[in-house]
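Read through the structure below, which is laid out as C-alpha cells, and then see the notes.
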Amino acid sequence: MTSLGLLLSVLKVVVVMMMLLKLVPLLIWIERKGAAFIQDRRGPNRATAFGIIRLGGIVHSIADAIKLITKTDFSSEHANKALVILAPIIAVFVAISVSAVIPFAEAFTINGVSFQLQISDLNAGLIYIFALSSLSIYALLLAGWGSNSKFSLLGAVRASSQMVSYEIALGLSVVPLFMLSESFRINDIVASQGVSLLSWNIVRAPLAFILFFTALFAEANRTPFDLPEGEAELTAGFHTEYSSMRFALFFLGEYTHIIVGSLLVTMLFFGGWNIPYVSSEYLHHNIEHVLRLLSIGGAVFAALGAAGLFNRFVKRRGFWGDLRDYESFLFAVILAGLAAGLAAAVFALTGATLPEWVGSIAVFLLQMIVVLTKTLFFIWTFIWVRWTLPRFRYDQLMKLGWKVMIPLGILNIFVTGVVLLLTH
Amino acid sequence: MESILFYIFSGVSIISSLLLITRANPLMSALWLVVALAATAGIFALLSAPFLAVIQVLVYAGAIMVLFLFVIMLIQLGPQQLKPRFIRFGKIFGAALGIYFLLLIGFSLTSSTTMPAVALSETFGDPGVLGELLMTKYLVPFEVISVMLLVAVVGTVVLGKKKF
C-alpha cells in the first residue's frame, strides 16, 4: 500500500467514525424535540451556550455529555468488575465497526487516484454487518450477568432471546436482495437499483423492506420492542446498575445502531446515493448548472429564513430580558450572510467552466448529502414510531418473530426465486 | 504486516483456548471460547477467505455461543458446581486424545512433504463461487448435513415436549 493510500484509509476511518459519533447528540436532540412535538409540548429549550445560543435545544445535548462525563462512576460491590467494564466497550465497538463497509457515496477518480468514502469494500459486505451486529448481544449479556442483579439478568435474558430470534428474520429478509443484485457487496446492491424509482428495492421487494425494518427495531431494542428495558417490570433492564459514562456508552451504542440501521435501509431499499431519475453522469456533465440551481435555491431559502428570524427578533424583543433575545438576530445575520454568499456564487458560476476535479468533489458531496438526507428521514421514522406505538407484550413479540416474520421471510425468498426464474 | 497479524491472531487463539480449559467458572470458559473463535476468524481472513471469517463470527461467535451463554446463565451455579470437576473417565479419555494429537502433530512435522505454492485464482473465497461449489460438487454432503440438522431440530422438539 502506498503512503497516500494509507493516509487516505486512516482519514476515512477517522471521518466515518467522527461522523457517526457526532450524529448521536443530534439524534438525541431530534428524539427529544420529536417526542415533544408528538406530545404537544415544547421540549428542551433552556440550556444556553455563552448566555445567547440555544439552537432550539441542541445545546442540551452538550450539557448532557458534560454531566455524564463528570458524574461519579458507581458500580455494585458484588458485580464482576471485568465484565461490567467490558460490556459497554463491546456495545460501542460493535456499533462503530459495523459502519466499515457502508459506502457514503459513489467512487470517483481524480488524477488516476480512485476514492470512495467506504473504509473497506468487502465482498461479504452485508454478511459482515450481520456478523458484527450479532456480537452486540454480548454487551447486553455481560452487562446483565456481570452486574449481579436480578433486574439486569432478566433484562439481559429477554434482550438476548429477542435479538437471537429477530436476527433470523433480519437475515432472511435480505436474501431476496442478494438474489436480485447477485452480490453481498453493498456497492453492487446500490448500483443494481439504479436511478429509476421502479427499480429501487422498495418497489421490487416491498415485503423484504417491511420485514427488515421491523426486525431492525427489535435488533436496536427500540419501542415497540424495547422489552429488555421495560421500566414497569425491570427498572431499566440490563443497564440498571450502570451510571455515568458507562451508561452513556450503552446509550451511544443504541443510537449508533439506529443510525447504522437507517443507513442500511437507505442503501438496501432506497437507492443509496442515487437521486431519482438524475444519473451521476448527468450531474458530472452539467455540474455548473446543477450548482447554480442549488445556489439559487439555497440563497432563496436562506433569505427567507433570515427574514423569518428577523421578524421573530422584532416581535419578541424583551421577551427574556437578557442576551437570549438576540439569538434570533444573530442567526438572522448568519443566514443573511449565507444568502449573500450563495447569490455571489450564482453570479460567479454563470458562464464559468469548473475544472474536472471540482465537479467530481461536488458530485461526491451531493451524493453524500442525498444519503444523509434519506438516513435522517429513517432516523425520524424510528423516533416517530417510538412515541406513537405502545410496547408489545413478551409473548406477542416472540409470536410475531417466530410465527409471522420467519415464515413470511422464507415465503418471500421462495416467491422471489420463482419470479426470477420466470423472468430470466 | 501479514505475518505480524498472523502471530497476533494465533497467539490470541492459543492463549484463550488455554484459558478456556482452565477456568473453573463455565461462563468465563464460554467467553474465552468466543475470543478463540474470533481469533480463528481473523486467521481465516488472513488466508484470503473473508467470507468464511465472517460466517465463522456470525454462526459460532454470534449465534451458537450466545445460546451457550444463555443456558449457562440460567442454570443455578452454586459454589458446589463451581469447584473444579474431577471425572476419572474424562481424564483418561482426554489424556489419550491429547497424546494422539501430539503424535499426529509430530508425524506431520517429521514427514513434511512440502506442498507447492499455488497462486490463488481471482475468484478465490468469493461467496458466489462458494455457493456454486456447494450446489454442484459438494451437493450430497451439503444435503446430508441439512438432513442431520433437521433430525436434531425434530429431536429437540420431541425432547422438549412434556409427554412422550
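Identifiers in this document derive from the order of the C-alpha cells: chains are assigned A, B, ..., residues are numbered from 1 separately in each chain, and ligands are numbered from 1 in order of occurrence.
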Residues of chain B within 12 Å of chain A, counting only C-alpha atoms, what are they? List them as an MDAnalysis selection string. chainID B and resid 1 27:28 30:31 34:35 38 41 45 48:74 123:131
Write the selection just made, keeping N, CA and C atoms, as a compact mmCIF listing (two decimals), in the first residue's frame?
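Listing of part-v7.txt after writing:
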```
# COMPACT_ATOMS: atom_id res chain seq x y z
N MET B 1 3.66 -7.31 7.66
CA MET B 1 2.35 -6.92 8.16
C MET B 1 1.47 -8.15 8.38
N LEU B 27 -19.05 -19.87 32.73
CA LEU B 27 -19.36 -18.67 31.95
C LEU B 27 -18.09 -18.06 31.37
N MET B 28 -17.03 -18.01 32.22
CA MET B 28 -15.77 -17.45 31.73
C MET B 28 -15.20 -18.35 30.63
N ALA B 30 -16.86 -20.10 28.50
CA ALA B 30 -17.60 -19.83 27.27
C ALA B 30 -17.11 -18.53 26.64
N LEU B 31 -16.84 -17.52 27.48
CA LEU B 31 -16.39 -16.24 26.94
C LEU B 31 -15.04 -16.38 26.26
N VAL B 34 -15.42 -17.75 22.90
CA VAL B 34 -15.80 -16.73 21.92
C VAL B 34 -14.56 -16.02 21.39
N VAL B 35 -13.65 -15.66 22.31
CA VAL B 35 -12.43 -14.97 21.88
C VAL B 35 -11.63 -15.87 20.94
N ALA B 38 -13.21 -15.94 17.56
CA ALA B 38 -13.00 -14.69 16.83
C ALA B 38 -11.58 -14.63 16.27
N ALA B 41 -11.35 -16.66 13.27
CA ALA B 41 -11.93 -15.93 12.14
C ALA B 41 -10.91 -14.97 11.55
N ALA B 45 -9.50 -14.75 7.71
CA ALA B 45 -9.46 -13.52 6.91
C ALA B 45 -8.07 -13.33 6.30
N SER B 48 -7.06 -15.06 2.99
CA SER B 48 -7.90 -14.51 1.92
C SER B 48 -9.21 -15.27 1.76
N ALA B 49 -9.87 -15.54 2.88
CA ALA B 49 -11.21 -16.11 2.85
C ALA B 49 -12.12 -15.29 3.74
N PRO B 50 -12.35 -14.01 3.37
CA PRO B 50 -13.12 -13.14 4.27
C PRO B 50 -14.53 -13.65 4.50
N PHE B 51 -15.10 -14.31 3.48
CA PHE B 51 -16.47 -14.80 3.63
C PHE B 51 -16.55 -15.83 4.75
N LEU B 52 -15.57 -16.75 4.74
CA LEU B 52 -15.53 -17.78 5.77
C LEU B 52 -15.35 -17.16 7.15
N ALA B 53 -14.48 -16.14 7.22
CA ALA B 53 -14.24 -15.48 8.50
C ALA B 53 -15.52 -14.87 9.03
N VAL B 54 -16.24 -14.20 8.13
CA VAL B 54 -17.47 -13.52 8.54
C VAL B 54 -18.50 -14.54 8.99
N ILE B 55 -18.59 -15.66 8.25
CA ILE B 55 -19.57 -16.69 8.61
C ILE B 55 -19.20 -17.31 9.96
N GLN B 56 -17.89 -17.47 10.18
CA GLN B 56 -17.43 -18.02 11.46
C GLN B 56 -17.92 -17.15 12.62
N VAL B 57 -17.75 -15.83 12.46
CA VAL B 57 -18.19 -14.92 13.53
C VAL B 57 -19.71 -14.97 13.66
N LEU B 58 -20.39 -14.95 12.51
CA LEU B 58 -21.85 -14.89 12.52
C LEU B 58 -22.45 -16.12 13.19
N VAL B 59 -21.98 -17.29 12.77
CA VAL B 59 -22.62 -18.52 13.23
C VAL B 59 -22.11 -18.92 14.61
N TYR B 60 -20.78 -19.01 14.76
CA TYR B 60 -20.26 -19.54 16.02
C TYR B 60 -20.27 -18.49 17.11
N ALA B 61 -19.55 -17.37 16.88
CA ALA B 61 -19.45 -16.38 17.95
C ALA B 61 -20.78 -15.69 18.19
N GLY B 62 -21.53 -15.44 17.11
CA GLY B 62 -22.73 -14.62 17.24
C GLY B 62 -23.96 -15.39 17.64
N ALA B 63 -24.10 -16.63 17.20
CA ALA B 63 -25.36 -17.34 17.46
C ALA B 63 -25.19 -18.49 18.44
N ILE B 64 -24.26 -19.40 18.13
CA ILE B 64 -24.17 -20.61 18.95
C ILE B 64 -23.68 -20.29 20.35
N MET B 65 -22.63 -19.44 20.44
CA MET B 65 -22.09 -19.15 21.77
C MET B 65 -23.05 -18.34 22.60
N VAL B 66 -23.89 -17.53 21.94
CA VAL B 66 -24.89 -16.78 22.70
C VAL B 66 -25.84 -17.74 23.38
N LEU B 67 -26.23 -18.78 22.67
CA LEU B 67 -27.14 -19.76 23.27
C LEU B 67 -26.45 -20.52 24.41
N PHE B 68 -25.15 -20.82 24.23
CA PHE B 68 -24.38 -21.45 25.32
C PHE B 68 -24.43 -20.58 26.57
N LEU B 69 -24.08 -19.31 26.37
CA LEU B 69 -24.04 -18.37 27.50
C LEU B 69 -25.40 -18.28 28.16
N PHE B 70 -26.41 -18.25 27.31
CA PHE B 70 -27.79 -18.15 27.76
C PHE B 70 -28.11 -19.28 28.73
N VAL B 71 -27.77 -20.50 28.31
CA VAL B 71 -28.07 -21.66 29.14
C VAL B 71 -27.25 -21.61 30.43
N ILE B 72 -25.96 -21.25 30.30
CA ILE B 72 -25.10 -21.22 31.49
C ILE B 72 -25.62 -20.18 32.49
N MET B 73 -26.12 -19.04 31.94
CA MET B 73 -26.62 -18.00 32.83
C MET B 73 -27.87 -18.45 33.57
N LEU B 74 -28.67 -19.29 32.91
CA LEU B 74 -29.96 -19.65 33.51
C LEU B 74 -29.86 -20.79 34.51
N THR B 123 -11.19 -15.42 -8.23
CA THR B 123 -12.47 -15.53 -7.53
C THR B 123 -12.37 -16.32 -6.24
N PHE B 124 -11.14 -16.57 -5.76
CA PHE B 124 -10.98 -17.40 -4.56
C PHE B 124 -11.69 -16.74 -3.37
N GLY B 125 -12.46 -17.56 -2.66
CA GLY B 125 -13.13 -17.05 -1.49
C GLY B 125 -14.35 -16.20 -1.81
N ASP B 126 -14.70 -16.09 -3.07
CA ASP B 126 -15.86 -15.31 -3.47
C ASP B 126 -17.13 -16.07 -3.05
N PRO B 127 -18.09 -15.40 -2.42
CA PRO B 127 -19.28 -16.12 -1.98
C PRO B 127 -20.02 -16.82 -3.12
N GLY B 128 -20.02 -16.20 -4.30
CA GLY B 128 -20.73 -16.81 -5.43
C GLY B 128 -20.12 -18.15 -5.81
N VAL B 129 -18.79 -18.19 -5.88
CA VAL B 129 -18.10 -19.43 -6.24
C VAL B 129 -18.35 -20.49 -5.18
N LEU B 130 -18.29 -20.05 -3.92
CA LEU B 130 -18.52 -20.97 -2.81
C LEU B 130 -19.91 -21.60 -2.91
N GLY B 131 -20.90 -20.74 -3.18
CA GLY B 131 -22.26 -21.23 -3.30
C GLY B 131 -22.41 -22.22 -4.44
```
Where does DSSP see helix (DSSP H, G or I) in range 294-368 of chain A, if you list the residues as a PyMOL selection string? chain A and resi 294-315+323-349+356-368
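Across the structure, CA of Asn286 in chain A and CA of Met19 in chain A are spaced 29.1 Å apart.
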CA of Leu372 in chain A to CA of Leu263 in chain A, distance in Å rounded to a single decimal: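 Value for the CA of Leu372 in chain A-CA of Leu263 in chain A distance: 7.8 Å.
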Tell me, as a PyMOL selection string, which residues lie within 10 Å of Gly337 in chain A, counting only C-alpha atoms; anything in the same chain fewer than 3 positions away does not count. chain A and resi 299+302-303+306+331-334+340-343
Writer output for current selection, N, CA, C and O atoms, as an mmCIF file, in the first residue's frame:
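Saved result, part_17.cif, follows:
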```cif
data_model
loop_
_atom_site.group_PDB
_atom_site.id
_atom_site.type_symbol
_atom_site.label_atom_id
_atom_site.label_comp_id
_atom_site.auth_asym_id
_atom_site.auth_seq_id
_atom_site.Cartn_x
_atom_site.Cartn_y
_atom_site.Cartn_z
ATOM 1 N N ALA A 299 -29.963 30.183 -1.694
ATOM 2 C CA ALA A 299 -29.994 31.603 -1.373
ATOM 3 C C ALA A 299 -31.411 32.034 -1.024
ATOM 4 O O ALA A 299 -31.627 32.771 -0.045
ATOM 5 N N ALA A 302 -32.272 30.634 2.424
ATOM 6 C CA ALA A 302 -31.523 31.310 3.482
ATOM 7 C C ALA A 302 -32.094 32.702 3.700
ATOM 8 O O ALA A 302 -32.254 33.157 4.844
ATOM 9 N N ALA A 303 -32.457 33.400 2.605
ATOM 10 C CA ALA A 303 -33.010 34.748 2.736
ATOM 11 C C ALA A 303 -34.354 34.695 3.457
ATOM 12 O O ALA A 303 -34.626 35.500 4.365
ATOM 13 N N ALA A 306 -33.700 34.060 7.085
ATOM 14 C CA ALA A 306 -33.185 35.259 7.749
ATOM 15 C C ALA A 306 -34.324 36.232 8.021
ATOM 16 O O ALA A 306 -34.431 36.793 9.127
ATOM 17 N N PHE A 331 -28.651 34.661 14.390
ATOM 18 C CA PHE A 331 -28.777 33.678 13.327
ATOM 19 C C PHE A 331 -29.363 34.289 12.066
ATOM 20 O O PHE A 331 -29.057 33.828 10.966
ATOM 21 N N ALA A 332 -30.178 35.344 12.201
ATOM 22 C CA ALA A 332 -30.665 36.051 11.014
ATOM 23 C C ALA A 332 -29.496 36.643 10.247
ATOM 24 O O ALA A 332 -29.424 36.544 9.016
ATOM 25 N N VAL A 333 -28.531 37.222 11.001
ATOM 26 C CA VAL A 333 -27.356 37.807 10.338
ATOM 27 C C VAL A 333 -26.560 36.720 9.631
ATOM 28 O O VAL A 333 -26.150 36.863 8.468
ATOM 29 N N ILE A 334 -26.370 35.562 10.336
ATOM 30 C CA ILE A 334 -25.594 34.467 9.734
ATOM 31 C C ILE A 334 -26.270 33.982 8.464
ATOM 32 O O ILE A 334 -25.627 33.807 7.414
ATOM 33 N N ALA A 340 -26.214 35.902 0.916
ATOM 34 C CA ALA A 340 -25.404 36.783 0.078
ATOM 35 C C ALA A 340 -24.286 35.990 -0.590
ATOM 36 O O ALA A 340 -24.020 36.148 -1.797
ATOM 37 N N GLY A 341 -23.656 35.087 0.186
ATOM 38 C CA GLY A 341 -22.566 34.276 -0.363
ATOM 39 C C GLY A 341 -23.059 33.411 -1.507
ATOM 40 O O GLY A 341 -22.417 33.319 -2.558
ATOM 41 N N LEU A 342 -24.232 32.786 -1.314
ATOM 42 C CA LEU A 342 -24.773 31.904 -2.348
ATOM 43 C C LEU A 342 -25.158 32.709 -3.589
ATOM 44 O O LEU A 342 -24.948 32.257 -4.720
ATOM 45 N N ALA A 343 -25.705 33.906 -3.364
ATOM 46 C CA ALA A 343 -26.059 34.749 -4.508
ATOM 47 C C ALA A 343 -24.809 35.114 -5.300
ATOM 48 O O ALA A 343 -24.793 35.088 -6.537
#
```
Rounded to one decimal place, report the CA of Gly409 in chain A-CA of Leu172 in chain A distance in Å. 5.4 Å
Under the rule that only C-alpha atoms are counted, which of A:Leu197, A:Val175, A:Ala139, A:Met17 is the nearest residue to Leu411 in chain A?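 Among the listed residues, A:Val175 lies closest to Leu411 in chain A.
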Spatial neighbours of Arg32 in chain A, 10 Å, only C-alpha atoms, chain gap at least 5 places, as a list in words: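 Final neighbour list, sorted by chain and number: Leu26, Leu27, Phe37, Ile38, Arg42, Gly43, Pro44, Gly57, Ile58, His60, Ser61 and Ile383 of chain A.
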Store the residues picked out above in a file with C-alpha atoms, as a PDB file, in the first residue's frame.
```pdb
ATOM      1  CA  LEU A  26     -28.026  15.469  17.111  1.00  0.00           C
ATOM      2  CA  LEU A  27     -30.139  12.329  17.192  1.00  0.00           C
ATOM      3  CA  PHE A  37     -43.789  17.629  19.021  1.00  0.00           C
ATOM      4  CA  ILE A  38     -45.808  14.411  19.159  1.00  0.00           C
ATOM      5  CA  ARG A  42     -42.070  22.406  23.682  1.00  0.00           C
ATOM      6  CA  GLY A  43     -39.229  20.085  24.579  1.00  0.00           C
ATOM      7  CA  PRO A  44     -35.750  21.199  25.662  1.00  0.00           C
ATOM      8  CA  GLY A  57     -32.281  22.907  22.455  1.00  0.00           C
ATOM      9  CA  ILE A  58     -29.270  21.320  20.740  1.00  0.00           C
ATOM     10  CA  HIS A  60     -28.878  20.450  25.884  1.00  0.00           C
ATOM     11  CA  SER A  61     -27.016  17.518  24.353  1.00  0.00           C
ATOM     12  CA  ILE A 383     -38.443   8.289  16.696  1.00  0.00           C
TER      13      ILE A 383
END
```
Which residue gives the smallest distance to Asp64 in chain A among A:Val13, A:Ala248, A:Met368, A:Ile110, with only C-alpha atoms counted? A:Ala248
If we count only C-alpha atoms, what is near Gly359 in chain A at a cut-off of 12 Å, once residues fewer than 3 positions away on the same chain are taken out, given as a list in words?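 Answer for this query is Phe108, Thr109, Ile110, Ser280, Glu281, Tyr282, Leu283, His284, His285, Asn286, Ile287, Glu288, His289, Val290, Leu291, Thr353, Leu354, Pro355, Glu356, Ala362, Val363, Phe364, Leu365 and Leu366 of chain A.
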